[in-house]
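Q: Take a look at this one; I'll ask things after.
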Amino acid sequence: GANVTTDANGVAEFKDLPYGRYTLKELTPPEGYVLSPALAAGVALTIASAQPNLELNYSNDTQKGGVTVTKTDAGTGAALSGAVFGLYSDAGATALIAQKTTGTNGVCAFTGLEAGVYYVREISAPTGYQLNTEIFKFNVGVAEAGSTAAPVWALTQTVTDAKRVYNVQLRKTAEDGATPLAGAEFRLTGGGFNLTATSGADGYVTFSGLPFGSY
């Protein structure tokens with residue numbers, strides 16, 4: 001057997017072959033491409049006096065990559081569904097290519113991407129969570145400038161969201177609805193909380209720092 005590499009014109013030439021039967025296979029695709037399915041399996045050829053010179057044409061599909069994003073709770077690490085992410089072509093994350101929503105496993109994936117630089121940011125946070133405004137850069141199938149590392153085609157990123165917190169405020173008054181009453185004690189429970197607070201001179205009592213939920 002003999003191995004030949006395609007030139008700048010995409011041509012590989014096997015010369016001076018005796019008549020006979022041969023198998024043509026592609027061993028290594030050009031960078032950024034995948035093997036031709038036909039050539040990977042092997043193409044049977046016959047060189048005979050009736051057709052001593054063969055010219056064959058085959059094409060390669062570009063290699064495709066992907067970006068997988070996992071959304072988690074910043075405090076517990078639990079997977080979060082319902083987060084919407086956008087894939088962009090610019091560093092400012094304004095030129096939208098596609099958008100995906102995380103499932104129950106907290107994952108969404110952008111697949112079938114050509115080699116290039118992409119950016120991802122969160123468009124909408126899950127209910128009860130703060131939006132993560134960071135823009136994440138991904139080099140799909142292309143190395144960073146000055147890097148000697150091999151290009152990476154499958155990239156992953158975990159993005160965390162902190163819970164949104166709320167305040168609950170009550171006002172204790174006399175029967176006239178206007179006169180504030182101090183010293184009234186209230187208890188708030190639910191969501192793992194068991195809190196007490198006492199109304200001040202203005203009649204107000206406040207429970208602060210409560211995450212989204214029922215109480």
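By convention in this document, the chains of the structure tokens carry letters A, B, ... by their order, each chain's residues are numbered from 1, and ligands are numbered from 1 in the order they are shown.
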Counting only C-alpha atoms, what is within 10 Å of Thr6 of chain A, bar same-chain residues fewer than 4 positions away, as a VMD selection string?

A: chain A and resid 10 to 13 29 to 30

Q: Tell me, counting only C-alpha atoms, for each residue of segment 53-90 of chain A within 9 Å of segment 128-148 of chain A, which pair of atoms is nearest and how far apart they are in Å to one decimal, in rows ordered by chain and increasing number, as a tab-separated table.

A:
residue	atom	partner	partner_atom	distance
A:Gln63	CA	A:Gly141	CA	8.3
A:Lys64	CA	A:Gly141	CA	8.1
A:Gly65	CA	A:Val140	CA	6.2
A:Gly66	CA	A:Val140	CA	7.1
A:Val67	CA	A:Phe138	CA	7.7
A:Asp73	CA	A:Tyr129	CA	8.5

Q: Rank nothing, just name the residue among A:Thr102, A:Ser59, A:Thr127, A:Thr158 nearest to Tyr33 of chain A, using only C-alpha atoms.

A: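 Among the listed residues, the smallest separation from Tyr33 of chain A belongs to A:Ser59.
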
Q: Using DSSP assignments from the backbone, pull out every residue in segment 39-107 of chain A that falls under strand (DSSP E or B) and give it to me as a PyMOL selection string.

A: chain A and resi 43-48+51+62+65-73+79+84-88+96-101+107

Q: Using backbone DSSP assignments, extract all alpha helix (DSSP H) residues from segment 28-166 of chain A; output them as a short mmCIF file (atom, residue, chain, number, x, y, z; two decimals) with all heavy atoms, in the first residue's frame.

A:
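Here's the written file result-v5.cif:
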data_model
loop_
_atom_site.label_atom_id
_atom_site.label_comp_id
_atom_site.auth_asym_id
_atom_site.auth_seq_id
_atom_site.Cartn_x
_atom_site.Cartn_y
_atom_site.Cartn_z
N PRO A 37 -17.48 9.21 4.75
CA PRO A 37 -17.99 7.87 5.10
C PRO A 37 -17.61 6.81 4.08
O PRO A 37 -17.24 5.69 4.44
CB PRO A 37 -19.51 8.08 5.15
CG PRO A 37 -19.69 9.53 5.47
CD PRO A 37 -18.56 10.22 4.76
N ALA A 38 -17.70 7.16 2.78
CA ALA A 38 -17.38 6.18 1.74
C ALA A 38 -15.90 5.79 1.80
O ALA A 38 -15.54 4.60 1.76
CB ALA A 38 -17.73 6.74 0.37
N LEU A 39 -15.04 6.81 1.91
CA LEU A 39 -13.61 6.52 1.91
C LEU A 39 -13.14 5.90 3.22
O LEU A 39 -12.15 5.17 3.25
CB LEU A 39 -12.83 7.81 1.65
CG LEU A 39 -12.90 8.34 0.21
CD1 LEU A 39 -12.21 9.68 0.11
CD2 LEU A 39 -12.30 7.34 -0.76
N ALA A 40 -13.84 6.19 4.29
CA ALA A 40 -13.49 5.57 5.58
C ALA A 40 -13.73 4.07 5.52
O ALA A 40 -12.98 3.27 6.09
CB ALA A 40 -14.29 6.20 6.70
N ALA A 41 -14.80 3.69 4.82
CA ALA A 41 -15.10 2.26 4.68
C ALA A 41 -14.20 1.59 3.66
O ALA A 41 -13.95 0.38 3.73
CB ALA A 41 -16.57 2.09 4.28
#

Q: From the set A:Gly213, A:Gly32, A:Gly183, A:Pro126, which residue has the shortest atom-to-atom contact distance to Glu114 of chain A, counting only C-alpha atoms?

A: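 Of A:Gly213, A:Gly32, A:Gly183, A:Pro126, the one nearest Glu114 of chain A, counting only C-alpha atoms, is A:Gly32.
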
Q: For segment 81-86 of chain A, find every residue with an atom within 7 Å (counting only C-alpha atoms), except residues of its own chain fewer than 6 positions away, and show them as a PyMOL selection string.

A: chain A and resi 96+98-106+120-126
